[in-house]
>>> print(open('start-v1.txt').read())   # compact mmCIF, C-alpha atoms and all ligand atoms
# COMPACT_ATOMS: atom_id res chain seq x y z
CA MET A 1 -52.84 6.63 -7.22
CA PHE A 2 -49.05 6.76 -6.84
CA SER A 3 -46.48 8.29 -9.16
CA ASP A 4 -44.06 6.26 -11.19
CA ARG A 5 -41.07 8.11 -9.72
CA LEU A 6 -40.57 5.00 -7.60
CA PRO A 7 -40.15 1.50 -9.03
CA ARG A 8 -43.40 -0.49 -9.12
CA ASP A 9 -41.84 -3.39 -7.25
CA LEU A 10 -40.59 -2.34 -3.82
CA ALA A 11 -39.82 -5.88 -2.64
CA ALA A 12 -36.42 -6.31 -0.93
CA ASN A 13 -33.77 -8.07 -3.05
CA ARG A 14 -32.75 -11.62 -2.13
CA LEU A 15 -29.60 -10.54 -0.31
CA ALA A 16 -31.42 -7.96 1.81
CA SER A 17 -34.09 -10.58 2.66
CA ALA A 18 -31.41 -13.11 3.65
CA VAL A 19 -29.71 -10.51 5.88
CA GLU A 20 -33.04 -9.71 7.50
CA SER A 21 -33.73 -13.41 8.18
CA LEU A 22 -30.33 -13.90 9.81
CA ARG A 23 -30.81 -10.80 11.95
CA SER A 24 -34.28 -11.79 13.09
CA ALA A 25 -33.04 -15.32 13.90
CA GLY A 26 -30.22 -13.74 15.95
CA ARG A 27 -27.58 -15.46 13.80
CA PRO A 28 -24.32 -13.48 13.74
CA PHE A 29 -22.38 -12.74 10.56
CA ILE A 30 -19.46 -10.52 9.59
CA ASP A 31 -20.63 -7.44 7.74
CA LEU A 32 -18.04 -6.46 5.15
CA THR A 33 -20.42 -3.83 3.73
CA GLU A 34 -20.46 -1.48 6.72
CA SER A 35 -20.12 2.03 5.38
CA ASN A 36 -21.72 3.94 8.21
CA PRO A 37 -18.75 5.44 10.08
CA THR A 38 -20.82 5.92 13.25
CA ARG A 39 -21.28 2.13 13.43
CA ALA A 40 -17.73 1.19 12.50
CA GLY A 41 -15.98 1.58 15.85
CA ILE A 42 -14.43 4.96 15.04
CA ALA A 43 -13.59 6.86 18.25
CA TYR A 44 -15.40 10.20 18.08
CA PRO A 45 -14.39 12.74 20.76
CA ALA A 46 -17.28 12.91 23.25
CA THR A 47 -17.55 16.70 22.91
CA LEU A 48 -17.29 16.79 19.12
CA LEU A 49 -20.87 18.00 18.74
CA ALA A 50 -20.74 20.60 21.53
CA SER A 51 -20.92 23.50 19.08
CA LEU A 52 -24.37 22.36 17.94
CA ALA A 53 -25.64 23.84 21.21
CA ASP A 54 -24.22 27.30 20.39
CA ALA A 55 -26.78 29.93 21.42
CA ARG A 56 -26.45 31.64 18.03
CA ALA A 57 -28.59 28.80 16.69
CA LEU A 58 -31.54 30.09 18.73
CA ARG A 59 -32.00 32.74 16.07
CA TYR A 60 -33.50 31.77 12.70
CA GLU A 61 -32.03 33.71 9.83
CA PRO A 62 -33.26 32.04 6.68
CA THR A 63 -30.70 32.41 3.88
CA PRO A 64 -31.07 30.34 0.71
CA PHE A 65 -27.40 29.30 0.40
CA GLY A 66 -26.75 29.11 4.15
CA LEU A 67 -24.98 31.29 6.72
CA LEU A 68 -21.91 33.10 5.44
CA ASP A 69 -19.69 31.81 8.28
CA ALA A 70 -20.47 28.22 7.34
CA ARG A 71 -19.96 28.86 3.62
CA THR A 72 -16.65 30.55 4.42
CA ALA A 73 -15.60 27.50 6.47
CA VAL A 74 -16.43 25.19 3.55
CA ALA A 75 -14.47 27.39 1.14
CA ALA A 76 -11.51 27.32 3.57
CA ASP A 77 -11.77 23.53 3.73
CA TYR A 78 -11.29 23.29 -0.06
CA ARG A 79 -8.01 25.16 0.49
CA ARG A 80 -6.65 22.02 2.21
CA HIS A 81 -6.62 20.63 -1.32
CA GLY A 82 -5.11 23.78 -2.80
CA LEU A 83 -8.41 24.91 -4.32
CA ASP A 84 -9.40 28.53 -4.21
CA LEU A 85 -13.15 28.95 -3.89
CA SER A 86 -15.08 32.07 -2.97
CA PRO A 87 -17.66 31.60 -0.17
CA ALA A 88 -20.08 33.26 -2.61
CA HIS A 89 -19.77 30.14 -4.76
CA VAL A 90 -20.66 27.72 -1.96
CA VAL A 91 -24.21 26.45 -1.52
CA LEU A 92 -25.07 24.54 1.65
CA THR A 93 -27.41 21.55 1.37
CA ALA A 94 -28.86 18.90 3.66
CA SER A 95 -26.80 16.07 2.08
CA THR A 96 -25.17 15.05 -1.16
CA SER A 97 -28.47 13.50 -2.24
CA ASP A 98 -30.07 16.90 -1.64
CA SER A 99 -27.29 18.50 -3.73
CA TYR A 100 -28.04 16.16 -6.65
CA SER A 101 -31.73 16.93 -6.43
CA LEU A 102 -31.12 20.71 -6.41
CA LEU A 103 -28.86 20.43 -9.45
CA PHE A 104 -31.37 18.27 -11.34
CA LYS A 105 -33.97 20.98 -10.68
CA LEU A 106 -31.52 23.66 -11.82
CA LEU A 107 -30.50 22.00 -15.07
CA CYS A 108 -33.06 19.40 -16.12
CA GLY A 109 -36.67 19.35 -17.19
CA ALA A 110 -38.73 16.16 -17.08
CA GLY A 111 -37.27 13.61 -19.47
CA ASP A 112 -33.90 15.34 -19.84
CA GLU A 113 -30.86 13.11 -19.60
CA VAL A 114 -27.86 12.92 -17.33
CA LEU A 115 -24.88 10.70 -18.02
CA VAL A 116 -23.92 8.46 -15.11
CA PRO A 117 -20.76 6.39 -14.79
CA ARG A 118 -20.96 2.62 -14.80
CA PRO A 119 -20.01 0.97 -12.49
CA SER A 120 -20.93 3.46 -9.79
CA TYR A 121 -23.16 4.52 -6.94
CA PRO A 122 -26.46 2.56 -7.02
CA LEU A 123 -28.50 5.47 -5.66
CA PHE A 124 -28.33 7.28 -9.02
CA ASP A 125 -31.24 5.23 -10.34
CA TYR A 126 -33.43 6.50 -7.52
CA LEU A 127 -32.11 10.05 -7.40
CA THR A 128 -32.65 10.64 -11.11
CA ARG A 129 -36.01 8.93 -11.24
CA MET A 130 -37.38 10.96 -8.34
CA ASP A 131 -36.60 14.15 -10.29
CA LEU A 132 -38.00 12.73 -13.55
CA VAL A 133 -34.56 12.71 -15.12
CA LEU A 134 -33.27 9.85 -17.28
CA PRO A 135 -29.92 8.32 -16.32
CA LYS A 136 -27.86 7.21 -19.32
CA PRO A 137 -24.75 5.19 -18.56
CA TYR A 138 -21.24 5.76 -19.81
CA ALA A 139 -18.52 3.23 -19.07
CA LEU A 140 -15.50 3.22 -16.83
CA GLU A 141 -13.04 0.66 -18.09
CA TYR A 142 -10.52 -1.36 -16.15
CA HIS A 143 -7.13 -2.19 -17.62
CA GLY A 144 -5.03 -2.40 -14.47
CA ARG A 145 -6.46 1.03 -13.60
CA TRP A 146 -9.82 2.59 -14.24
CA SER A 147 -10.34 5.16 -16.94
CA LEU A 148 -13.22 6.92 -18.57
CA ASP A 149 -14.38 5.36 -21.85
CA PHE A 150 -14.86 8.50 -23.95
CA ASP A 151 -16.36 6.57 -26.88
CA SER A 152 -19.21 5.38 -24.69
CA LEU A 153 -19.59 8.86 -23.20
CA GLU A 154 -19.85 10.54 -26.59
CA ARG A 155 -22.25 7.87 -27.83
CA ALA A 156 -24.49 8.52 -24.82
CA MET A 157 -24.65 12.30 -25.39
CA THR A 158 -27.81 13.58 -27.08
CA SER A 159 -29.48 16.97 -27.46
CA ARG A 160 -31.27 16.22 -24.17
CA THR A 161 -28.08 15.63 -22.17
CA LYS A 162 -27.87 18.26 -19.42
CA MET A 163 -25.09 17.03 -17.20
CA VAL A 164 -22.37 14.46 -16.83
CA LEU A 165 -22.06 12.98 -13.35
CA VAL A 166 -18.55 12.09 -12.27
CA VAL A 167 -17.83 10.36 -8.98
CA SER A 168 -14.23 10.97 -7.97
CA PRO A 169 -13.22 8.94 -6.01
CA ASN A 170 -15.84 6.63 -7.43
CA ASN A 171 -17.91 4.30 -5.30
CA PRO A 172 -17.03 1.43 -5.46
CA THR A 173 -14.09 1.41 -7.91
CA GLY A 174 -12.01 3.90 -5.89
CA SER A 175 -10.98 5.62 -9.11
CA LEU A 176 -10.27 9.32 -9.47
CA ILE A 177 -10.87 11.22 -12.67
CA ALA A 178 -7.45 12.10 -14.08
CA ARG A 179 -6.63 15.73 -14.82
CA ASP A 180 -6.42 15.15 -18.58
CA GLU A 181 -9.70 13.20 -18.53
CA LEU A 182 -11.48 16.07 -16.82
CA ALA A 183 -10.00 18.56 -19.29
CA ARG A 184 -11.21 16.42 -22.20
CA LEU A 185 -14.63 16.07 -20.58
CA ALA A 186 -14.88 19.86 -20.12
CA SER A 187 -14.02 20.44 -23.76
CA LEU A 188 -16.80 18.05 -24.79
CA CYS A 189 -19.35 19.55 -22.38
CA ALA A 190 -18.74 23.29 -22.82
CA PRO A 191 -19.82 23.65 -26.47
CA ARG A 192 -22.89 21.49 -25.84
CA ASP A 193 -24.04 23.46 -22.74
CA ILE A 194 -23.63 20.36 -20.59
CA ALA A 195 -22.61 20.81 -16.95
CA ILE A 196 -20.16 18.63 -15.03
CA VAL A 197 -21.27 17.47 -11.59
CA ALA A 198 -18.47 15.80 -9.66
CA ASP A 199 -19.22 13.97 -6.42
CA GLU A 200 -16.02 14.29 -4.39
CA VAL A 201 -17.30 13.09 -1.02
CA PHE A 202 -14.49 10.53 -0.63
CA VAL A 203 -11.64 12.77 -1.79
CA ASP A 204 -9.93 12.85 1.62
CA TYR A 205 -9.41 9.10 1.72
CA GLU A 206 -6.38 8.30 -0.41
CA LEU A 207 -5.58 4.61 -0.63
CA GLU A 208 -2.66 5.20 -2.99
CA ASP A 209 -0.12 7.83 -1.92
CA GLY A 210 -0.32 11.06 -3.88
CA ALA A 211 -3.31 9.94 -5.99
CA ALA A 212 -5.54 12.90 -5.12
CA ALA A 213 -2.87 15.41 -6.13
CA HIS A 214 -3.02 14.04 -9.68
CA ALA A 215 -6.79 14.04 -9.91
CA GLY A 216 -8.81 16.49 -11.98
CA ARG A 217 -10.82 18.80 -9.75
CA PRO A 218 -14.10 20.31 -10.94
CA LEU A 219 -13.41 23.59 -9.13
CA ALA A 220 -10.35 24.07 -11.33
CA VAL A 221 -12.46 23.76 -14.49
CA ARG A 222 -12.89 27.12 -16.24
CA GLU A 223 -14.36 26.05 -19.57
CA ALA A 224 -17.62 24.33 -18.56
CA LEU A 225 -20.10 24.97 -15.77
CA SER A 226 -18.91 22.59 -13.03
CA PHE A 227 -20.00 21.61 -9.58
CA SER A 228 -18.13 19.87 -6.77
CA LEU A 229 -20.21 17.98 -4.19
CA GLY A 230 -18.98 17.33 -0.68
CA GLY A 231 -20.29 16.99 2.84
CA LEU A 232 -19.69 16.21 6.47
CA SER A 233 -21.00 12.67 6.06
CA LYS A 234 -17.71 11.49 4.63
CA SER A 235 -15.24 14.34 5.21
CA VAL A 236 -15.57 14.09 8.99
CA GLY A 237 -17.65 10.91 9.30
CA LEU A 238 -20.84 12.61 10.49
CA PRO A 239 -23.68 11.58 8.12
CA GLN A 240 -26.29 12.20 10.83
CA LEU A 241 -25.63 15.95 10.88
CA LYS A 242 -26.98 16.33 7.36
CA LEU A 243 -24.69 19.00 6.01
CA GLY A 244 -23.57 18.83 2.41
CA TRP A 245 -22.38 21.46 -0.02
CA ILE A 246 -22.00 22.40 -3.64
CA GLY A 247 -19.00 24.39 -4.92
CA VAL A 248 -19.63 26.14 -8.24
CA SER A 249 -17.04 26.91 -10.93
CA GLY A 250 -16.80 27.67 -14.65
CA PRO A 251 -17.28 30.64 -16.98
CA PRO A 252 -18.22 33.62 -14.76
CA ALA A 253 -21.43 34.50 -16.63
CA LEU A 254 -22.71 30.92 -16.37
CA VAL A 255 -21.69 30.65 -12.71
CA GLY A 256 -23.57 33.90 -11.99
CA GLU A 257 -26.72 32.72 -13.70
CA ALA A 258 -26.53 29.27 -12.12
CA LEU A 259 -26.24 30.83 -8.66
CA GLN A 260 -29.13 33.19 -9.28
CA ARG A 261 -31.36 30.30 -10.26
CA LEU A 262 -30.11 27.99 -7.53
CA GLU A 263 -30.96 30.71 -5.05
CA VAL A 264 -34.63 30.52 -6.06
CA ILE A 265 -34.62 26.73 -5.62
CA CYS A 266 -32.82 26.87 -2.27
CA ASP A 267 -35.11 29.67 -1.08
CA THR A 268 -38.10 27.45 -1.82
CA TYR A 269 -36.81 24.66 0.43
CA LEU A 270 -34.50 26.31 3.02
CA SER A 271 -33.39 22.80 3.85
CA VAL A 272 -30.32 23.17 6.08
CA ALA A 273 -30.85 23.32 9.86
CA THR A 274 -29.35 26.31 11.69
CA PRO A 275 -27.42 24.45 14.46
CA VAL A 276 -25.26 22.54 12.01
CA GLN A 277 -24.53 25.72 10.05
CA VAL A 278 -23.49 27.56 13.21
CA ALA A 279 -21.30 24.59 14.15
CA ALA A 280 -19.85 23.98 10.66
CA ALA A 281 -16.52 25.79 11.11
CA ASP A 282 -15.85 24.07 14.43
CA LEU A 283 -16.90 20.66 13.08
CA LEU A 284 -14.68 21.00 10.03
CA ARG A 285 -11.74 21.95 12.25
CA ARG A 286 -12.24 19.40 15.03
CA GLY A 287 -13.43 16.68 12.69
CA ALA A 288 -9.89 16.46 11.27
CA GLY A 289 -9.01 13.90 13.96
CA VAL A 290 -11.94 11.69 12.99
CA ARG A 291 -10.95 11.94 9.35
CA GLU A 292 -7.41 10.86 10.23
CA GLU A 293 -8.70 7.86 12.14
CA ILE A 294 -10.97 6.83 9.27
CA LEU A 295 -8.05 7.24 6.87
CA ARG A 296 -5.83 5.02 9.03
CA ARG A 297 -8.60 2.41 9.12
CA VAL A 298 -9.28 2.28 5.39
CA ARG A 299 -5.58 2.18 4.55
CA ALA A 300 -4.85 -0.56 7.09
CA ASN A 301 -7.67 -2.75 5.79
CA PHE A 302 -6.73 -2.12 2.18
CA ALA A 303 -3.13 -3.14 2.87
CA GLN A 304 -4.30 -6.21 4.81
CA LEU A 305 -6.46 -7.27 1.88
CA GLU A 306 -3.52 -6.87 -0.50
CA ARG A 307 -1.28 -9.05 1.69
CA GLU A 308 -3.87 -11.82 2.00
CA ILE A 309 -5.13 -11.89 -1.56
CA LYS A 310 -1.61 -12.41 -2.91
CA ASN A 311 -1.79 -15.95 -1.49
CA VAL A 312 -4.93 -16.77 -3.45
CA PRO A 313 -4.15 -16.81 -7.18
CA ALA A 314 -7.81 -17.16 -8.18
CA CYS A 315 -8.71 -13.76 -6.70
CA THR A 316 -7.40 -10.28 -7.34
CA ARG A 317 -7.99 -6.90 -5.79
CA LEU A 318 -8.55 -4.19 -8.39
CA THR A 319 -6.41 -1.06 -8.20
CA ALA A 320 -8.10 1.68 -6.20
CA GLU A 321 -6.82 5.18 -5.58
CA ALA A 322 -9.11 6.45 -2.86
CA GLY A 323 -12.37 5.90 -0.99
CA TRP A 324 -13.89 3.41 1.42
CA TYR A 325 -14.25 0.36 -0.84
CA ALA A 326 -12.26 -2.42 -2.40
CA VAL A 327 -13.27 -4.51 -5.41
CA LEU A 328 -12.29 -8.17 -5.59
CA GLN A 329 -12.36 -10.02 -8.87
CA VAL A 330 -13.24 -13.64 -8.16
CA PRO A 331 -13.89 -16.82 -10.17
CA SER A 332 -17.37 -17.26 -11.64
CA PHE A 333 -18.37 -20.70 -10.41
CA GLU A 334 -21.96 -19.46 -10.15
CA PRO A 335 -23.94 -16.23 -10.70
CA GLU A 336 -22.90 -13.40 -8.37
CA GLU A 337 -26.24 -13.45 -6.59
CA GLU A 338 -25.85 -17.14 -5.68
CA LEU A 339 -22.25 -16.49 -4.68
CA VAL A 340 -23.05 -13.70 -2.20
CA LEU A 341 -26.04 -15.62 -0.80
CA GLY A 342 -23.75 -18.63 -0.30
CA LEU A 343 -21.02 -16.55 1.34
CA LEU A 344 -23.62 -15.20 3.75
CA SER A 345 -25.31 -18.47 4.63
CA ARG A 346 -22.29 -20.80 4.59
CA GLU A 347 -19.34 -18.59 5.52
CA GLY A 348 -21.26 -16.03 7.60
CA VAL A 349 -19.89 -13.05 5.63
CA LEU A 350 -21.88 -10.30 3.98
CA VAL A 351 -20.36 -8.72 0.85
CA HIS A 352 -21.97 -6.86 -2.02
CA PRO A 353 -22.07 -8.29 -5.55
CA GLY A 354 -20.69 -6.24 -8.45
CA TYR A 355 -24.07 -6.18 -10.18
CA PHE A 356 -25.45 -3.91 -7.42
CA PHE A 357 -23.08 -1.31 -8.91
CA ASP A 358 -23.67 -2.24 -12.55
CA PHE A 359 -20.37 -3.89 -13.33
CA ALA A 360 -20.44 -4.86 -17.00
CA ARG A 361 -19.72 -8.53 -16.24
CA GLU A 362 -19.31 -11.00 -13.38
CA SER A 363 -17.80 -11.83 -10.89
CA PHE A 364 -16.85 -9.00 -8.57
CA LEU A 365 -17.29 -8.58 -4.85
CA ILE A 366 -17.35 -5.22 -3.11
CA VAL A 367 -16.15 -4.84 0.47
CA SER A 368 -16.05 -1.80 2.70
CA VAL A 369 -12.56 -1.09 4.04
CA LEU A 370 -14.22 0.98 6.76
CA THR A 371 -15.13 -2.29 8.55
CA PRO A 372 -13.52 -2.64 12.02
CA GLU A 373 -10.10 -4.21 11.50
CA ASP A 374 -10.59 -7.50 13.38
CA ALA A 375 -13.86 -8.19 11.62
CA PHE A 376 -12.30 -7.23 8.29
CA ARG A 377 -9.38 -9.62 8.76
CA GLU A 378 -11.64 -12.52 9.71
CA GLY A 379 -14.24 -11.77 7.01
CA ILE A 380 -11.64 -11.53 4.24
CA ALA A 381 -9.97 -14.73 5.45
CA ARG A 382 -13.30 -16.54 5.17
CA VAL A 383 -14.02 -15.17 1.69
CA LEU A 384 -10.57 -16.09 0.39
CA ASP A 385 -10.70 -19.48 2.04
CA HIS A 386 -14.01 -20.11 0.28
CA PHE A 387 -12.34 -19.63 -3.11
CA THR A 388 -9.26 -21.66 -2.16
CA ARG A 389 -11.53 -24.58 -1.28
CA ARG A 390 -13.64 -24.13 -4.41
CA GLU A 391 -10.55 -24.07 -6.62
CA ARG A 392 -9.23 -27.25 -5.01
CA SER A 393 -12.54 -29.02 -5.45
CA VAL A 394 -12.70 -28.31 -9.22
CA ARG A 395 -9.04 -29.05 -9.94
CA PRO A 396 -8.64 -32.37 -11.81
C1 LIG B 401 -20.57 8.48 -4.02
C2 LIG B 401 -21.43 8.89 -2.87
N1 LIG B 401 -21.96 10.12 -2.82
C3 LIG B 401 -22.71 10.53 -1.78
C4 LIG B 401 -22.97 9.68 -0.72
C5 LIG B 401 -23.84 10.13 0.41
O1 LIG B 401 -23.55 11.35 0.89
P1 LIG B 401 -24.61 12.12 1.83
O2 LIG B 401 -24.69 11.35 3.10
O3 LIG B 401 -24.00 13.46 1.98
O4 LIG B 401 -25.91 12.16 1.08
C6 LIG B 401 -22.45 8.40 -0.73
C7 LIG B 401 -22.73 7.48 0.39
O5 LIG B 401 -22.32 6.36 0.43
C8 LIG B 401 -21.67 7.99 -1.82
O6 LIG B 401 -21.16 6.74 -1.87
>>> encode(input="start-v1.txt", output="structure tokens")
Amino acid sequence: MFSDRLPRDLAANRLASAVESLRSAGRPFIDLTESNPTRAGIAYPATLLASLADARALRYEPTPFGLLDARTAVAADYRRHGLDLSPAHVVLTASTSDSYSLLFKLLCGAGDEVLVPRPSYPLFDYLTRMDLVLPKPYALEYHGRWSLDFDSLERAMTSRTKMVLVVSPNNPTGSLIARDELARLASLCAPRDIAIVADEVFVDYELEDGAAAHAGRPLAVREALSFSLGGLSKSVGLPQLKLGWIGVSGPPALVGEALQRLEVICDTYLSVATPVQVAAADLLRRGAGVREEILRRVRANFAQLEREIKNVPACTRLTAEAGWYAVLQVPSFEPEEELVLGLLSREGVLVHPGYFFDFARESFLIVSVLTPEDAFREGIARVLDHFTRRERSVRP
């Protein structure tokens, strides 16, 4: 009866089941995977959402791309990063996931292919599948820093490839696409009529000073049709408001046609609620304080991790330029799944294993640097202590 857009087996994975058991038994643990800013002890001003009650929202004016004021506010927000975008090239959506789905509908028929980075955001498997699109991986490689493996990218391209997804900063590697990488990508995509879709939701959260200024930005691409994805969920820590956006760039004729077609898709769904559109300009302006607090948090935790991990030779923290995550490379005494289950049951710390994000090999642990600082310090101390003890126990 049911479609195969969803996996046949919907059973929870072993880690999720173990978390559920601990929660239902009332057993506390430190959650180093918290990436919901509204649960991470960030101090939101009590009146931050006041503009959602603006009386202008009592009037419904359906517009496929969203209200012009809100689109203008989003375009102005890109200017913080020195990017010039016309409000006419901004499409409002209900989330980044919604943005992906709209773009799959715009560019892909059933069975068409999109190239997805590996390691990266685990939701791509679901997002592509639900739109009957095939995800084909290309590799990001680590050699002290992350870079795009162009051999694997070119090998993955076929006549059915419709877009290349780029996540910059990437979740969880924290890597930004370099300017020369994006230029090379655009020169590969343009002649093949392949679009570039760059998820930039974490771009405000620099972990390495100046990193974002050296990143390639899709809205600066002129050669290939390119899209930048952003949203309130990360830029001002308000995922519950459900406001995302797509910025469109590239050769003017292609941009024009893409917008014309996107308009039909957006008109079919009219998915963005009016109150959040009316409030968008105010939220983007007043949310700056929340963004600063989140930035302080992620940087403080990242620095804390760096200080602590230096004392544990068996473990290293991979270089990250921006975002809300840190990747730890750790010894492989056992498969990652057993490792994270053991850390949860014996040390009382929840971390994610690298294989959730399709790392090419083991063992990597992913932690959220958005975690409240005290919990982060204690959780990291327990994880590192675990490896110090393990190392001692295997040493002859
Ligand atoms: C790379 C990436 N893109 C998008 C999102 C979600 O954004 P939204 O809440 O706007 O759908 C996340 C959430 O973790 C993410 O990691």
>>> atom_distance(input="start-v1.txt", atom1="CA of Leu339 (chain A)", atom2="CA of Ala320 (chain A)")
23.1 Å
>>> residues_near_point(input="start-v1.txt", point="(-6.9, 0.9, -14.9)", cutoff="9 Å", atoms="only C-alpha atoms", output="PyMOL selection string")
chain A and resi 141-147+175+318-320
>>> closest_residue(input="start-v1.txt", among="A:Leu207, A:Leu48, A:Ala253, A:Val116", to="Thr161 (chain A)", atoms="all atoms listed in the file")
A:Val116
>>> closest_residue(input="start-v1.txt", among="A:Val272, A:Leu148, A:Leu165, A:Leu92", to="Leu115 (chain A)", atoms="only C-alpha atoms")
A:Leu165
>>> residues_near_ligand(input="start-v1.txt", ligand="ligand LIG 401 (chain B)", cutoff="7 Å", atoms="only C-alpha atoms and all ligand atoms", output="list in words")
Ser35, Ser95, Thr96, Ser97, Asp98, Tyr121, Val167, Asn170, Asn171, Asp199, Val201, Gly230, Gly231, Leu232, Ser233, Lys234, Pro239, Lys242, Leu243 and Gly244 of chain A
>>> atom_distance(input="start-v1.txt", atom1="CA of Arg307 (chain A)", atom2="CA of Phe376 (chain A)")
13.0 Å
>>> atom_distance(input="start-v1.txt", atom1="CA of Arg296 (chain A)", atom2="CA of Tyr205 (chain A)")
9.1 Å
>>> residues_around(input="start-v1.txt", residues="Leu127 (chain A)", least_positions_apart="5", cutoff="12 Å", atoms="all atoms listed in the file", output="list in words")
Arg5, Leu6, Pro7, Thr96, Ser97, Asp98, Ser99, Tyr100, Ser101, Leu102, Leu103, Phe104, Lys105, Val114, Val116, Tyr121, Pro122, Leu132, Val133, Leu134 and Pro135 of chain A
>>> residues_near_point(input="start-v1.txt", point="(-24.6, -15.7, -12.6)", cutoff="12 Å", atoms="only C-alpha atoms", output="PyMOL selection string")
chain A and resi 331-341+353-355+361-364
>>> residues_around(input="start-v1.txt", residues="region 72-79 of chain A", least_positions_apart="3", cutoff="12 Å", atoms="all atoms listed in the file", output="ChimeraX atom specification")
/A:65-69,82-93,200-201,203-204,217-220,228-232,235-236,243-248,277-285,287-288
>>> write_last_selection(input="start-v1.txt", atoms="C-alpha atoms", output="mmCIF file, in the frame of the given file")
data_model
loop_
_atom_site.group_PDB
_atom_site.id
_atom_site.type_symbol
_atom_site.label_atom_id
_atom_site.label_comp_id
_atom_site.auth_asym_id
_atom_site.auth_seq_id
_atom_site.Cartn_x
_atom_site.Cartn_y
_atom_site.Cartn_z
ATOM 1 C CA PHE A 65 -27.400 29.300 0.400
ATOM 2 C CA GLY A 66 -26.750 29.110 4.150
ATOM 3 C CA LEU A 67 -24.980 31.290 6.720
ATOM 4 C CA LEU A 68 -21.910 33.100 5.440
ATOM 5 C CA ASP A 69 -19.690 31.810 8.280
ATOM 6 C CA GLY A 82 -5.110 23.780 -2.800
ATOM 7 C CA LEU A 83 -8.410 24.910 -4.320
ATOM 8 C CA ASP A 84 -9.400 28.530 -4.210
ATOM 9 C CA LEU A 85 -13.150 28.950 -3.890
ATOM 10 C CA SER A 86 -15.080 32.070 -2.970
ATOM 11 C CA PRO A 87 -17.660 31.600 -0.170
ATOM 12 C CA ALA A 88 -20.080 33.260 -2.610
ATOM 13 C CA HIS A 89 -19.770 30.140 -4.760
ATOM 14 C CA VAL A 90 -20.660 27.720 -1.960
ATOM 15 C CA VAL A 91 -24.210 26.450 -1.520
ATOM 16 C CA LEU A 92 -25.070 24.540 1.650
ATOM 17 C CA THR A 93 -27.410 21.550 1.370
ATOM 18 C CA GLU A 200 -16.020 14.290 -4.390
ATOM 19 C CA VAL A 201 -17.300 13.090 -1.020
ATOM 20 C CA VAL A 203 -11.640 12.770 -1.790
ATOM 21 C CA ASP A 204 -9.930 12.850 1.620
ATOM 22 C CA ARG A 217 -10.820 18.800 -9.750
ATOM 23 C CA PRO A 218 -14.100 20.310 -10.940
ATOM 24 C CA LEU A 219 -13.410 23.590 -9.130
ATOM 25 C CA ALA A 220 -10.350 24.070 -11.330
ATOM 26 C CA SER A 228 -18.130 19.870 -6.770
ATOM 27 C CA LEU A 229 -20.210 17.980 -4.190
ATOM 28 C CA GLY A 230 -18.980 17.330 -0.680
ATOM 29 C CA GLY A 231 -20.290 16.990 2.840
ATOM 30 C CA LEU A 232 -19.690 16.210 6.470
ATOM 31 C CA SER A 235 -15.240 14.340 5.210
ATOM 32 C CA VAL A 236 -15.570 14.090 8.990
ATOM 33 C CA LEU A 243 -24.690 19.000 6.010
ATOM 34 C CA GLY A 244 -23.570 18.830 2.410
ATOM 35 C CA TRP A 245 -22.380 21.460 -0.020
ATOM 36 C CA ILE A 246 -22.000 22.400 -3.640
ATOM 37 C CA GLY A 247 -19.000 24.390 -4.920
ATOM 38 C CA VAL A 248 -19.630 26.140 -8.240
ATOM 39 C CA GLN A 277 -24.530 25.720 10.050
ATOM 40 C CA VAL A 278 -23.490 27.560 13.210
ATOM 41 C CA ALA A 279 -21.300 24.590 14.150
ATOM 42 C CA ALA A 280 -19.850 23.980 10.660
ATOM 43 C CA ALA A 281 -16.520 25.790 11.110
ATOM 44 C CA ASP A 282 -15.850 24.070 14.430
ATOM 45 C CA LEU A 283 -16.900 20.660 13.080
ATOM 46 C CA LEU A 284 -14.680 21.000 10.030
ATOM 47 C CA ARG A 285 -11.740 21.950 12.250
ATOM 48 C CA GLY A 287 -13.430 16.680 12.690
ATOM 49 C CA ALA A 288 -9.890 16.460 11.270
#
>>> residues_around(input="start-v1.txt", residues="Val290 (chain A)", least_positions_apart="4", cutoff="10 Å", atoms="only C-alpha atoms", output="list in words")
Pro37, Ile42, Ala43, Tyr44, Pro45, Leu48, Ser235, Val236, Gly237, Leu238, Arg286, Ile294, Leu295 and Arg296 of chain A
>>> closest_residue(input="start-v1.txt", among="A:Cys108, A:Ala156, A:Leu58, A:Leu370", to="Thr38 (chain A)", atoms="all atoms listed in the file")
A:Leu370
>>> closest_residue(input="start-v1.txt", among="A:Ser368, A:Ala215, A:Arg59, A:Arg80", to="His352 (chain A)", atoms="only C-alpha atoms")
A:Ser368
